[in-house]
Structure formats: C-alpha cells, structure tokens
Amino acid sequence: MDEPEPAPGPPPAPTPGGKRAAILAAAQRLFQREGVERISMDTIAEQARVSKATVYAYFASKELLFRTTLEAAAHAACSQWTALLVMDGALEPRLIAVADAVQRMASRRALDDTAYALVRPPLLPAQMREETWVLCFERYDDMMRALLAREVARGVLAIDNLADASVHFFGLATGMPPSAAARAGQLQTGAGSAAAYLRGAVAVFMRAYRPGTLTLAAKPSREVPGGF
C-alpha cells in the first residue's frame, strides 16, 4: 500500500534580499482589500512571513509603507502612459485611448483594479488622499503635455497653454456625470455609453484646439483637478 503523500508545508520565508519586496507585496494586497486604517503592521509582517521588527527596519511607520506602495503603483502605471505617448496613427483614436485610460484611472467602476484600489483605499486620510491624487495626475499630465506639444509642432492642434489644455482634456474625459442621463430619462450603463461619451469628449477637445480657433489669453491660476 502506497504511503500517503505528506501535506505541503507553508511557503518558505523570504530570503534576506527579498524581505523588502515581500513586505511591499503583502502591504499592497492588504491595503487594497481592507484599507489603510484597518491593517496593522503585525498583520503585514504575518502575511510577508517576516518579523514585525523586520517590517519596521525597512519602513519606520505604516504611513511610510503605504506611501511606498503607492509610489510603486504609480511608477508601474508609467508604462501605460509611455505606450500611449508613442502610439502611432491619427490623433483622434489616440486621444480616445488616452481618455479611456484617464476615465479608468478615475472611475469608481474600477474598484477591482489594483492601482485604483491603492489610489482610493477606504478610510484614507484627507491629506494623504490629496497627495495620492496629485501623484497620479502628474503621471498623466507629463505624458499629455508631451503628446500635445508634438501635435502643436505638427500643426494638428493650436494650443498656447499646454498645461491648461491637459487639464481641459482630463476634465472632459472624467466629466460624465451619471445624473445627467438620469435627469433626461435616458440612463445608460455599460461600455457602449462610456465609449460614446469619450468619443464626444475627444471631438469637443479637438474642435476647441483646432488651428484657427479663436482663444482668449486669460491666465488663471492652475490647479490639479480634484479627483476625490
């Protein structure tokens, strides 16, 4: 009679060089699922299979650990913006792709997305929430200014203030209020209505900044759009 196979043991503890990565991975999972305030450093240490002292050796506080996971998520998202910046083809479909990425970043319907869950975790203090939004917006803004500057140089768009134009585009991409359709008795849900809205938003943006369009040279103070 064959001997029963032994039950698999627990996963091995991370090596010294991998402890920081294990802590960050555990913190990201826990912050995403439970929110910052509900998670203790003890729980993070247990999930990372390291001691609590090791967690504090790498991260002096839970706030520092959270900020580090947030920065890691933001840097990981940079590849998305880079891909959009180097995309070939006509301007309109490229702007629609950017608008779609912006909407997914800011939409409440993306609750299952890891980057979004880190951006808007439950019970996040107001100051940290604002800093988080600024960090995420800056990734978009850097890409968008570069994209718009290139199109201006090509003569496709006429923009005298790239910073304002970037904010205008962001506002259009994220400005689909669910209450607007409801008031008209035509509430629509799903990818179709969102795609139609984004196409319209991009069309409005391109009309506003097409060559020959008259623009006023007002210079109001610029603020990062509120996302929370």
# chains A, B, ... in the order shown; residues from 1 in each chain; ligands from 1

call {"tool": "closest_atom_pairs", "arguments": {"of": "stretch 47-109 of chain A", "to": "stretch 163-168 of chain A", "cutoff": "12 Å", "atoms": "only C-alpha atoms", "output": "tab-separated table"}}
result
residue	atom	partner	partner_atom	distance
A:Leu95	CA	A:Ser166	CA	11.4
A:Val98	CA	A:Ser166	CA	11.2
A:Ala99	CA	A:Ser166	CA	11.1
A:Val102	CA	A:Val167	CA	11.4

call {"tool": "write_last_selection", "arguments": {"atoms": "C-alpha atoms", "output": "mmCIF file, in the first residue's frame"}}
result
data_model
loop_
_atom_site.group_PDB
_atom_site.id
_atom_site.type_symbol
_atom_site.label_atom_id
_atom_site.label_comp_id
_atom_site.auth_asym_id
_atom_site.auth_seq_id
_atom_site.Cartn_x
_atom_site.Cartn_y
_atom_site.Cartn_z
ATOM 1 C CA LEU A 95 -6.803 60.759 -27.820
ATOM 2 C CA VAL A 98 -5.820 58.408 -23.572
ATOM 3 C CA ALA A 99 -9.319 59.424 -22.475
ATOM 4 C CA VAL A 102 -7.908 58.547 -17.730
#

call {"tool": "atom_distance", "arguments": {"atom1": "atom CA of A:Asp42", "atom2": "atom CA of A:Tyr58"}}
result
14.0 Å

call {"tool": "residues_around", "arguments": {"residues": "A:Ser61", "least_positions_apart": "3", "cutoff": "12 Å", "atoms": "only C-alpha atoms", "output": "list in words"}}
result
Val36, Ser40, Met41, Asp42, Ile44, Lys52, Ala53, Thr54, Val55, Tyr56, Ala57, Tyr58, Leu64, Leu65, Phe66, Arg67 and Thr68 of chain A

call {"tool": "atom_distance", "arguments": {"atom1": "atom CA of A:Gln47", "atom2": "atom CA of A:Glu71"}}
result
20.8 Å

call {"tool": "atom_distance", "arguments": {"atom1": "atom CA of A:Ala25", "atom2": "atom CA of A:Glu37"}}
result
17.5 Å

call {"tool": "closest_residue", "arguments": {"among": "A:Met176, A:Ala203, A:Ala21, A:Ala146", "to": "A:Ala72", "atoms": "only C-alpha atoms"}}
result
A:Ala21

call {"tool": "closest_residue", "arguments": {"among": "A:Leu30, A:Ala106, A:Ala48, A:Leu85", "to": "A:Phe170", "atoms": "only C-alpha atoms"}}
result
A:Ala106

call {"tool": "closest_residue", "arguments": {"among": "A:Pro211, A:Tyr197, A:Gly18, A:Ile39", "to": "A:Asp160", "atoms": "only C-alpha atoms"}}
result
A:Pro211

call {"tool": "decode", "arguments": {"residues": "stretch 146-164 of chain A", "atoms": "N, CA and C atoms", "output": "mmCIF file, in the first residue's frame"}}
result
data_model
loop_
_atom_site.group_PDB
_atom_site.id
_atom_site.type_symbol
_atom_site.label_atom_id
_atom_site.label_comp_id
_atom_site.auth_asym_id
_atom_site.auth_seq_id
_atom_site.Cartn_x
_atom_site.Cartn_y
_atom_site.Cartn_z
ATOM 1 N N ALA A 146 3.470 66.328 -23.306
ATOM 2 C CA ALA A 146 4.397 65.928 -24.369
ATOM 3 C C ALA A 146 3.639 65.576 -25.645
ATOM 4 N N LEU A 147 2.523 64.867 -25.503
ATOM 5 C CA LEU A 147 1.719 64.498 -26.670
ATOM 6 C C LEU A 147 1.176 65.740 -27.367
ATOM 7 N N LEU A 148 0.623 66.661 -26.590
ATOM 8 C CA LEU A 148 0.041 67.868 -27.180
ATOM 9 C C LEU A 148 1.108 68.744 -27.830
ATOM 10 N N ALA A 149 2.268 68.854 -27.190
ATOM 11 C CA ALA A 149 3.351 69.661 -27.765
ATOM 12 C C ALA A 149 3.763 69.117 -29.131
ATOM 13 N N ARG A 150 3.803 67.808 -29.244
ATOM 14 C CA ARG A 150 4.165 67.192 -30.524
ATOM 15 C C ARG A 150 3.127 67.499 -31.603
ATOM 16 N N GLU A 151 1.846 67.454 -31.222
ATOM 17 C CA GLU A 151 0.793 67.733 -32.207
ATOM 18 C C GLU A 151 0.756 69.214 -32.587
ATOM 19 N N VAL A 152 1.102 70.075 -31.657
ATOM 20 C CA VAL A 152 1.204 71.504 -31.981
ATOM 21 C C VAL A 152 2.336 71.726 -32.983
ATOM 22 N N ALA A 153 3.464 71.072 -32.755
ATOM 23 C CA ALA A 153 4.598 71.210 -33.674
ATOM 24 C C ALA A 153 4.253 70.710 -35.070
ATOM 25 N N ARG A 154 3.371 69.732 -35.146
ATOM 26 C CA ARG A 154 2.957 69.194 -36.444
ATOM 27 C C ARG A 154 1.880 70.047 -37.110
ATOM 28 N N GLY A 155 1.339 71.012 -36.376
ATOM 29 C CA GLY A 155 0.289 71.849 -36.922
ATOM 30 C C GLY A 155 -1.096 71.247 -36.848
ATOM 31 N N VAL A 156 -1.240 70.138 -36.116
ATOM 32 C CA VAL A 156 -2.543 69.472 -35.996
ATOM 33 C C VAL A 156 -3.425 70.184 -34.981
ATOM 34 N N LEU A 157 -2.819 70.715 -33.924
ATOM 35 C CA LEU A 157 -3.541 71.448 -32.891
ATOM 36 C C LEU A 157 -2.925 72.833 -32.735
ATOM 37 N N ALA A 158 -3.720 73.761 -32.210
ATOM 38 C CA ALA A 158 -3.237 75.115 -31.908
ATOM 39 C C ALA A 158 -3.468 75.369 -30.426
ATOM 40 N N ILE A 159 -2.410 75.268 -29.636
ATOM 41 C CA ILE A 159 -2.506 75.387 -28.181
ATOM 42 C C ILE A 159 -1.428 76.339 -27.704
ATOM 43 N N ASP A 160 -1.826 77.379 -26.961
ATOM 44 C CA ASP A 160 -0.822 78.304 -26.431
ATOM 45 C C ASP A 160 -0.509 78.034 -24.969
ATOM 46 N N ASN A 161 -1.251 77.147 -24.326
ATOM 47 C CA ASN A 161 -1.006 76.813 -22.922
ATOM 48 C C ASN A 161 -1.223 75.316 -22.751
ATOM 49 N N LEU A 162 -0.137 74.552 -22.824
ATOM 50 C CA LEU A 162 -0.231 73.097 -22.748
ATOM 51 C C LEU A 162 -0.755 72.626 -21.401
ATOM 52 N N ALA A 163 -0.379 73.325 -20.338
ATOM 53 C CA ALA A 163 -0.823 72.920 -19.003
ATOM 54 C C ALA A 163 -2.338 72.995 -18.886
ATOM 55 N N ASP A 164 -2.909 74.104 -19.341
ATOM 56 C CA ASP A 164 -4.361 74.247 -19.283
ATOM 57 C C ASP A 164 -5.056 73.236 -20.186
#
